[in-house]
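See below for model16.txt, which holds compact mmCIF, C-alpha atoms.
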# COMPACT_ATOMS: atom_id res chain seq x y z
CA MET A 144 4.20 15.93 -25.71
CA MET A 145 5.87 15.85 -29.13
CA ASP A 146 4.82 12.22 -29.58
CA SER A 147 1.19 12.85 -28.84
CA GLN A 148 1.27 15.88 -31.14
CA ARG A 149 2.64 13.69 -33.92
CA ASN A 150 0.04 11.01 -33.20
CA LEU A 151 -2.71 13.58 -33.53
CA GLU A 152 -1.33 14.74 -36.88
CA ARG A 153 -1.21 11.15 -38.07
CA LEU A 154 -4.79 10.54 -37.03
CA ARG A 155 -6.21 13.64 -38.69
CA PRO A 156 -6.65 12.18 -42.25
CA LEU A 157 -8.27 9.05 -40.81
CA LEU A 158 -10.65 11.18 -38.76
CA ASP A 159 -11.48 13.28 -41.82
CA ARG A 160 -12.29 10.09 -43.73
CA LEU A 161 -14.44 8.89 -40.84
CA THR A 162 -16.43 12.13 -40.78
CA ALA A 163 -16.79 12.05 -44.56
CA ALA A 164 -18.06 8.45 -44.42
CA VAL A 165 -20.60 9.42 -41.77
CA SER A 166 -21.81 12.42 -43.85
CA ALA A 167 -22.02 10.26 -46.96
CA GLY A 168 -23.78 7.47 -45.07
CA ASP A 169 -21.08 5.09 -46.34
CA ALA A 170 -21.13 2.33 -43.73
CA PRO A 171 -18.52 -0.01 -45.33
CA GLU A 172 -16.06 2.90 -45.68
CA PHE A 173 -16.73 3.86 -42.05
CA GLU A 174 -15.94 0.30 -40.88
CA ARG A 175 -12.75 0.20 -42.98
CA VAL A 176 -11.40 3.47 -41.59
CA LEU A 177 -12.32 2.43 -38.05
CA ASP A 178 -10.39 -0.84 -38.53
CA ASP A 179 -7.35 1.10 -39.75
CA LEU A 180 -7.57 3.33 -36.72
CA VAL A 181 -7.78 0.42 -34.24
CA HIS A 182 -5.04 -1.47 -36.02
CA GLY A 183 -2.69 1.48 -35.70
CA ARG A 184 -3.39 1.75 -31.97
CA ARG A 185 -2.80 -1.96 -31.48
CA LYS A 186 0.58 -1.81 -33.22
CA ASP A 187 1.68 0.96 -30.84
CA LEU A 188 0.49 -1.06 -27.89
CA PHE A 189 2.41 -4.18 -28.92
CA ALA A 190 5.59 -2.20 -29.50
CA GLU A 191 5.26 -0.66 -26.04
CA LEU A 192 4.58 -4.08 -24.49
CA ARG A 193 7.66 -5.53 -26.15
CA ARG A 194 9.81 -2.70 -24.79
CA LEU A 195 8.33 -3.18 -21.33
CA THR A 196 8.87 -6.97 -21.36
CA ALA A 197 12.51 -6.50 -22.34
CA ARG A 198 13.01 -4.05 -19.50
CA VAL A 199 11.36 -6.36 -16.94
CA ARG A 200 13.47 -9.28 -18.13
CA GLN A 201 16.62 -7.19 -17.82
CA ALA A 202 15.64 -6.09 -14.32
CA LEU A 203 14.93 -9.66 -13.26
CA GLU A 204 18.25 -10.84 -14.64
CA SER A 205 20.20 -8.30 -12.68
CA PHE A 206 18.05 -9.08 -9.65
CA GLN A 207 18.90 -12.76 -9.97
CA LEU A 208 22.58 -11.98 -10.21
CA ASN A 209 22.51 -10.15 -6.95
CA ALA A 210 23.04 -12.79 -4.26
CA ARG A 211 22.14 -10.23 -1.65
CA PHE A 212 18.51 -10.46 -2.72
CA SER A 213 18.25 -14.17 -2.11
CA GLU A 214 19.89 -13.70 1.26
CA LEU A 215 17.38 -10.98 2.06
CA ALA A 216 14.44 -13.08 0.95
CA GLU A 217 15.47 -16.31 2.59
CA LYS A 218 17.25 -15.20 5.72
CA ASP A 219 17.37 -11.55 6.70
CA VAL A 220 13.71 -10.72 6.33
CA PRO A 221 12.45 -13.85 8.16
CA ASP A 222 15.10 -13.12 10.81
CA ALA A 223 13.78 -9.59 11.16
CA ARG A 224 10.34 -10.95 12.02
CA GLN A 225 11.86 -13.35 14.54
CA ARG A 226 13.72 -10.47 16.18
CA LEU A 227 10.65 -8.32 16.45
CA LEU A 228 8.58 -11.16 17.92
CA HIS A 229 11.34 -11.71 20.43
CA VAL A 230 11.32 -8.02 21.40
CA MET A 231 7.60 -8.33 22.09
CA LYS A 232 8.15 -11.42 24.20
CA LEU A 233 10.97 -9.83 26.21
CA THR A 234 9.05 -6.64 26.93
CA ASP A 235 5.96 -8.67 27.82
CA GLU A 236 7.93 -10.74 30.30
CA ALA A 237 9.71 -7.71 31.77
CA ALA A 238 6.45 -5.81 32.20
CA HIS A 239 4.76 -8.77 33.91
CA GLN A 240 7.77 -9.31 36.14
CA THR A 241 7.72 -5.65 37.14
CA MET A 242 4.02 -5.88 37.92
CA ASP A 243 4.59 -9.06 39.96
CA LEU A 244 7.15 -7.22 42.06
CA ILE A 245 4.93 -4.15 42.49
CA GLU A 246 2.02 -6.33 43.57
CA ARG A 247 4.26 -8.03 46.12
CA ALA A 248 5.82 -4.75 47.29
CA THR A 249 2.59 -2.80 47.82
CA PRO A 250 1.32 -4.75 50.86
CA LEU A 251 4.76 -4.33 52.45
CA VAL A 252 4.03 -0.60 52.79
CA SER A 253 1.36 -1.43 55.39
CA THR A 254 3.75 -3.83 57.12
CA LEU A 255 6.32 -1.06 57.41
CA VAL A 256 3.75 1.46 58.64
CA SER A 257 2.54 -0.83 61.40
CA ALA A 258 6.14 -1.51 62.42
CA ALA A 259 6.86 2.24 62.77
CA ALA A 260 7.32 3.71 66.27
CA ASP A 261 4.23 5.83 65.66
CA PRO A 262 2.18 4.50 62.72
CA THR A 263 -0.08 7.56 62.83
CA ALA A 264 2.74 10.11 62.70
CA PRO A 265 2.03 12.49 59.79
CA SER A 266 5.44 11.85 58.23
CA VAL A 267 4.85 8.07 58.28
CA VAL A 268 1.35 8.40 56.83
CA ALA A 269 2.53 10.83 54.14
CA ALA A 270 5.48 8.65 53.15
CA ALA A 271 3.26 5.56 52.97
CA THR A 272 0.72 7.36 50.78
CA LYS A 273 3.44 8.62 48.45
CA LEU A 274 5.10 5.22 48.24
CA ARG A 275 1.81 3.49 47.38
CA SER A 276 1.09 6.08 44.73
CA HIS A 277 4.57 5.71 43.19
CA LEU A 278 4.24 1.93 43.12
CA SER A 279 0.85 2.26 41.46
CA ASP A 280 2.34 4.62 38.84
CA VAL A 281 5.14 2.14 38.08
CA HIS A 282 2.47 -0.53 37.56
CA LEU A 283 0.56 1.73 35.20
CA ALA A 284 3.75 2.69 33.35
CA GLN A 285 4.08 -0.94 32.18
CA GLY A 286 1.48 0.02 29.62
CA TYR A 287 4.48 0.94 27.45
CA GLN A 288 4.57 -2.75 26.52
CA ASP A 289 1.14 -2.51 24.91
CA LEU A 290 2.02 0.69 23.03
CA THR A 291 5.43 -0.45 21.80
CA GLY A 292 3.97 -3.90 21.06
CA GLN A 293 1.32 -2.42 18.80
CA ILE A 294 3.98 -0.44 16.91
CA VAL A 295 6.23 -3.51 16.59
CA ARG A 296 3.25 -5.52 15.35
CA GLY A 297 2.75 -2.93 12.61
CA VAL A 298 6.38 -3.36 11.55
CA ILE A 299 5.99 -7.16 11.56
CA LYS A 300 3.09 -6.78 9.15
CA LEU A 301 5.33 -4.71 6.89
CA VAL A 302 8.07 -7.37 7.12
CA ASP A 303 5.50 -9.99 6.07
CA GLU A 304 4.63 -7.93 3.01
CA VAL A 305 8.28 -7.39 2.08
CA GLU A 306 8.93 -11.12 2.46
CA ALA A 307 6.00 -12.07 0.26
CA THR A 308 7.05 -9.55 -2.40
CA LEU A 309 10.66 -10.71 -2.37
CA ALA A 310 9.61 -14.36 -2.52
CA GLY A 311 7.42 -13.58 -5.51
CA LEU A 312 10.28 -11.82 -7.28
CA MET A 313 12.70 -14.64 -6.51
CA ARG A 314 10.23 -17.14 -7.92
CA ILE A 315 9.91 -15.14 -11.11
CA ALA A 316 13.67 -14.78 -11.32
CA GLY A 317 13.74 -18.57 -11.10
CA GLU A 318 16.36 -19.02 -8.51
CA ALA A 319 14.43 -19.62 -5.32
CA ALA A 320 15.57 -23.22 -5.17
CA GLU A 321 19.23 -22.39 -5.49
CA ASP A 322 20.76 -22.69 -2.12
CA GLN A 323 23.70 -20.36 -2.09
CA THR A 324 25.60 -20.36 1.10
CA ILE A 325 27.31 -17.09 1.68
CA ALA A 326 29.86 -16.98 4.44
CA ALA A 327 28.44 -14.52 6.91
CA PRO A 328 31.00 -11.92 7.87
CA ILE A 329 31.61 -11.48 11.58
CA ALA A 330 29.62 -8.47 12.62
CA VAL A 331 31.98 -5.66 13.52
CA ASN A 332 29.42 -4.03 15.77
CA GLY A 333 28.35 -7.31 17.34
CA TYR A 334 25.12 -9.17 16.77
CA GLY A 335 23.18 -7.77 19.70
CA PRO A 336 21.31 -10.01 22.13
CA VAL A 337 20.66 -13.62 21.20
CA VAL A 338 17.31 -13.98 19.45
CA PRO A 339 15.86 -17.49 19.42
CA GLY A 340 15.27 -18.58 15.83
CA VAL A 341 17.83 -16.11 14.50
CA ASN A 342 21.00 -18.01 13.93
CA HIS A 343 24.39 -16.37 13.76
CA GLY A 344 26.15 -19.56 14.70
CA ALA A 345 26.48 -21.04 18.16
CA ALA A 346 25.67 -18.61 20.94
CA LEU A 347 25.88 -19.35 24.63
CA GLY A 348 22.66 -19.49 26.54
CA ASN A 349 23.75 -18.24 29.95
CA GLN A 350 26.60 -17.12 32.15
CA GLN A 351 27.35 -20.70 33.20
CA ASP A 352 27.99 -21.66 29.58
CA VAL A 353 30.13 -18.55 29.14
CA ASP A 354 32.15 -19.39 32.26
CA ALA A 355 32.57 -22.97 31.08
CA LEU A 356 33.92 -21.75 27.76
CA LEU A 357 36.22 -19.23 29.47
CA SER A 358 37.59 -21.97 31.66
CA ASP A 359 38.08 -24.20 28.61
CA LEU A 360 40.04 -21.36 27.06
CA GLY A 361 42.24 -21.22 30.15
CA LEU A 362 40.75 -18.11 31.74
CA MET B 147 -23.59 -1.50 45.42
CA SER B 148 -21.13 0.07 42.98
CA THR B 149 -18.25 -2.23 43.95
CA ALA B 150 -20.39 -5.19 42.87
CA ILE B 151 -20.23 -4.04 39.27
CA ARG B 152 -19.16 -6.86 36.97
CA TYR B 153 -16.46 -5.74 34.52
CA LEU B 154 -15.21 -7.34 31.33
CA VAL B 155 -11.78 -6.07 30.28
CA VAL B 156 -10.99 -6.75 26.61
CA ASP B 157 -7.45 -6.24 25.29
CA ASP B 158 -5.12 -8.43 23.25
CA PHE B 159 -2.14 -7.39 25.40
CA SER B 160 -2.05 -9.23 28.72
CA THR B 161 0.01 -6.38 30.22
CA MET B 162 -2.76 -3.88 29.55
CA ARG B 163 -5.48 -6.22 30.88
CA ARG B 164 -3.49 -6.63 34.04
CA ILE B 165 -2.99 -2.85 34.42
CA VAL B 166 -6.68 -2.07 33.96
CA LYS B 167 -7.65 -4.89 36.30
CA ASN B 168 -5.23 -3.62 38.94
CA LEU B 169 -6.60 -0.08 38.66
CA LEU B 170 -10.16 -1.35 39.01
CA GLN B 171 -9.13 -3.32 42.09
CA GLU B 172 -7.49 -0.23 43.56
CA LEU B 173 -10.83 1.51 43.08
CA GLY B 174 -12.48 -1.27 45.08
CA TYR B 175 -13.97 -3.35 42.26
CA GLN B 176 -13.44 -7.09 42.64
CA ASN B 177 -15.62 -8.64 39.96
CA ILE B 178 -13.42 -8.45 36.87
CA GLN B 179 -13.07 -10.88 33.98
CA GLU B 180 -10.79 -10.68 30.97
CA ALA B 181 -10.98 -11.45 27.26
CA ASP B 182 -8.06 -11.28 24.81
CA ASP B 183 -10.06 -10.20 21.76
CA GLY B 184 -13.50 -8.94 20.75
CA LYS B 185 -14.12 -12.40 19.36
CA THR B 186 -13.56 -14.10 22.71
CA ALA B 187 -15.44 -11.33 24.53
CA TRP B 188 -18.59 -11.71 22.46
CA PRO B 189 -19.67 -15.19 23.66
CA MET B 190 -18.76 -14.18 27.22
CA LEU B 191 -21.06 -11.17 26.94
CA GLN B 192 -23.79 -13.33 25.46
CA ALA B 193 -23.51 -15.93 28.20
CA GLY B 194 -22.54 -13.93 31.24
CA SER B 195 -24.06 -10.99 32.96
CA PHE B 196 -21.66 -8.09 32.79
CA ASP B 197 -22.42 -4.53 33.84
CA PHE B 198 -19.52 -2.80 32.15
CA VAL B 199 -17.15 -3.39 29.24
CA ILE B 200 -13.70 -1.79 28.98
CA THR B 201 -12.24 -2.54 25.57
CA ASP B 202 -9.22 -1.84 23.42
CA TRP B 203 -9.81 -0.87 19.78
CA ASN B 204 -6.97 -2.49 17.84
CA MET B 205 -7.29 -6.27 18.25
CA PRO B 206 -6.46 -8.89 15.61
CA LEU B 207 -9.71 -10.86 15.22
CA MET B 208 -12.55 -8.58 16.26
CA PRO B 209 -11.62 -4.95 16.86
CA GLY B 210 -13.17 -3.04 19.74
CA LEU B 211 -15.22 -0.89 17.37
CA ASP B 212 -16.89 -4.00 15.92
CA LEU B 213 -17.49 -5.33 19.42
CA LEU B 214 -19.09 -2.01 20.35
CA LYS B 215 -21.32 -2.11 17.27
CA ALA B 216 -22.32 -5.72 18.00
CA ILE B 217 -23.22 -4.76 21.57
CA ARG B 218 -25.30 -1.79 20.44
CA ALA B 219 -27.09 -3.95 17.87
CA ASP B 220 -27.99 -6.64 20.39
CA ASP B 221 -31.35 -6.32 22.15
CA LYS B 222 -30.08 -7.77 25.40
CA LEU B 223 -26.79 -5.87 25.53
CA LYS B 224 -27.48 -2.57 23.79
CA SER B 225 -27.53 -0.40 26.92
CA LEU B 226 -24.32 -1.89 28.34
CA PRO B 227 -21.73 0.82 29.15
CA VAL B 228 -18.67 0.46 26.90
CA LEU B 229 -15.51 2.40 27.71
CA MET B 230 -12.87 2.36 25.01
CA VAL B 231 -9.26 2.42 26.24
CA THR B 232 -7.04 2.60 23.19
CA ALA B 233 -3.97 4.05 21.52
CA GLU B 234 -6.12 5.01 18.52
CA ALA B 235 -6.23 8.77 18.79
CA LYS B 236 -7.27 10.13 15.42
CA ARG B 237 -10.13 12.57 15.44
CA GLU B 238 -12.17 10.56 12.90
CA GLN B 239 -11.78 7.44 15.00
CA ILE B 240 -13.07 9.09 18.13
CA VAL B 241 -15.96 10.53 16.12
CA GLU B 242 -16.67 7.07 14.71
CA ALA B 243 -16.64 5.50 18.17
CA VAL B 244 -19.01 8.13 19.49
CA GLN B 245 -21.33 7.58 16.51
CA ALA B 246 -21.22 3.85 17.23
CA GLY B 247 -22.42 4.58 20.75
CA VAL B 248 -19.29 4.43 22.91
CA SER B 249 -19.88 5.51 26.52
CA GLY B 250 -16.38 6.94 27.08
CA TYR B 251 -12.99 7.08 25.38
CA VAL B 252 -9.58 6.98 27.05
CA VAL B 253 -6.40 7.35 24.99
CA LYS B 254 -3.33 5.34 26.02
CA PRO B 255 -1.13 6.07 27.81
CA PHE B 256 -3.55 7.19 30.51
CA THR B 257 -3.43 7.99 34.21
CA ALA B 258 -5.32 6.28 37.01
CA GLU B 259 -7.13 9.57 37.61
CA ILE B 260 -8.41 9.76 34.02
CA LEU B 261 -9.68 6.18 34.10
CA LYS B 262 -11.45 6.85 37.41
CA GLN B 263 -13.06 10.05 36.09
CA LYS B 264 -14.41 8.29 33.00
CA LEU B 265 -15.71 5.34 35.00
CA ASP B 266 -17.42 7.61 37.53
CA LYS B 267 -19.00 9.70 34.81
CA ILE B 268 -20.40 6.68 32.99
CA LEU B 269 -21.63 5.05 36.19
CA GLN B 270 -23.33 8.26 37.32
CA ALA B 271 -25.09 8.60 33.96
CA ARG B 272 -26.14 4.96 34.21
CA ALA B 273 -27.47 5.41 37.75
CA ALA B 274 -29.43 8.50 36.67
CA ALA B 275 -30.87 6.65 33.67
CA THR B 276 -32.00 3.61 35.64
CA GLY B 277 -33.37 5.88 38.39
Could you render the structure from this file as C-alpha cells?
Amino acid sequence: MMDSQRNLERLRPLLDRLTAAVSAGDAPEFERVLDDLVHGRRKDLFAELRRLTARVRQALESFQLNARFSELAEKDVPDARQRLLHVMKLTDEAAHQTMDLIERATPLVSTLVSAAADPTAPSVVAAATKLRSHLSDVHLAQGYQDLTGQIVRGVIKLVDEVEATLAGLMRIAGEAAEDQTIAAPIAVNGYGPVVPGVNHGAALGNQQDVDALLSDLGL
Amino acid sequence: MSTAIRYLVVDDFSTMRRIVKNLLQELGYQNIQEADDGKTAWPMLQAGSFDFVITDWNMPLMPGLDLLKAIRADDKLKSLPVLMVTAEAKREQIVEAVQAGVSGYVVKPFTAEILKQKLDKILQARAAATG
C-alpha cells in the first residue's frame, strides 16, 4: 500500500511532463518521457526478479539437503501407487470369488427344497425365497469393488501428479542421480500386508514359508 | 419376446459388469454381451445388433457420456435405449446426460428393484413408440 503510494508520487512529475508534451504537440519530448517511464518500470521488475531467483535458489538448496525428499520421490510415492493398485487387485479378486461362490450356492437352494420332506410347505418355500434373495443381495453388494476402485483410481492419479512434481523438483535441485541409501527403520507398527512391488526386505509368501522359517528357528 | 432383448453392458470394472449381467439373467434375459470401455463398445455397436445399452459413465478411454452422444449422433443407432448406471451423482451431470438423450439413469450403489424398474420403464416406452 505504502509502496504503491510512493510509486504514484514518483510517477506524477513524469505524467505531468507527458501531458505537457501532448498539449504542446512535442513528439520527441513525449517519446523521451515515455522511455524514462518504461525504464523505471523495468528496473523495478529486474530487482524483483533477482529477489525471486535468490529465494527459489535458497528453497531448492534446502530441498536438496533434505534426504527425505529424494526418498519420497524415488521410493515412497512410487510405492504408494503400487499399494493402491494392489488394493484394487485384491478387492477385485475377493469380489469375483464371492460372486463365484454365490453363483454356485444359489442352485443348491433348489436342491435343498426338493430334498425337504414337503417341498411345498409354506415354511420351506418362504425360507427358500428369502435365501435366494439374500444370496442375490450379497452378489449385488460386490459393487463396492467398483465404487472403492473408482475412488482409489482417483488417488492413484493424484499420486502420479505428486510423483511428476517431485521428480521435476529433484531434477532442478540436481540430485536425482545421487543414489543415497538410507537404512530403513523397522516399522514399529508393522508394514501391513505384503504388496508385490513394494519392497521392505524379504517377506514370506505363504504359511508354508513361515512354518519353514519357524522350524529353522527351532520352533 | 422381451427376454430376447440383446443387451450390451459397458463398464470398466469387471465386477460391475458381472453384477449387472447376473441381475439381467435373474430377470430372464439371456442375450448379454460385455464391453470394458466406451471405446470397445463402439465397434461392437456398429457391427452387432443390440437392442439395449447399459453403460457406466466414468471409463478411462471413452466415457459413457461420449458413448451416449456418439449413439445419438449415429443414424443407425440413434434410437437405441441407453441406461446409464454410474456413481456420478452430481445434479449437473444428470442434467447433462438427460440433455444428451439418456433413456434412464441409475446411481450406484443400486438395488435390483431399481434396475428392474428403470429397465421396465424404458422397455415400455420403447414398445409404445414402436407400436
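Interatomic distance, CA of Ala270 in chain A to CA of Pro255 in chain B: 26.3 Å.
Note that CA of Ser249 in chain B and CA of Leu154 in chain B are 14.5 Å apart.
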Residues of chain A within 12 Å of chain B, counting only C-alpha atoms, as an NGL selection string: :A and (231-232 or 234-243 or 245-246 or 249 or 275-294 or 296-297 or 300)
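Of the residues listed (B:Leu207, B:Ala216, B:Leu229, B:Leu269), B:Leu229 shows the shortest atom-to-atom separation from Tyr251 in chain B; distances use only C-alpha atoms.
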Using the file's own x, y and z axes, what box holds all listed atoms of range 208-225 of chain B with 3 Å on each side, keeping edges along x, y and z, and what are its centre and edge lengths in Å to one decimal, as JSON?
{"center_x": -21.5, "center_y": -4.5, "center_z": 21.4, "size_x": 25.7, "size_y": 14.2, "size_z": 17.0}
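With CA of Val341 in chain A on one side and CA of Leu215 in chain A on the other, the separation reads 13.5 Å.
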Exercise: residues within 6 Å of coordinate (-12.2, -1.4, 22.8), counting only C-alpha atoms, as JSON, numbers by chain: {"B": [201, 202, 203, 210, 230, 231]}
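The protein and nucleic acid residues lying at most 10 Å from Leu227 in chain A are Asp222, Lys232, Leu233, Gly292, Val295, Arg296, Val298, Ile299, Val302 and Val338 of chain A, with all atoms listed in the file considered and sequence neighbours fewer than 5 positions away removed.
In this comparison, which uses only C-alpha atoms, the residue of A:Leu177, A:Leu301, A:Ala248, A:Leu188 approaching Ala223 in chain A most closely is A:Leu301.
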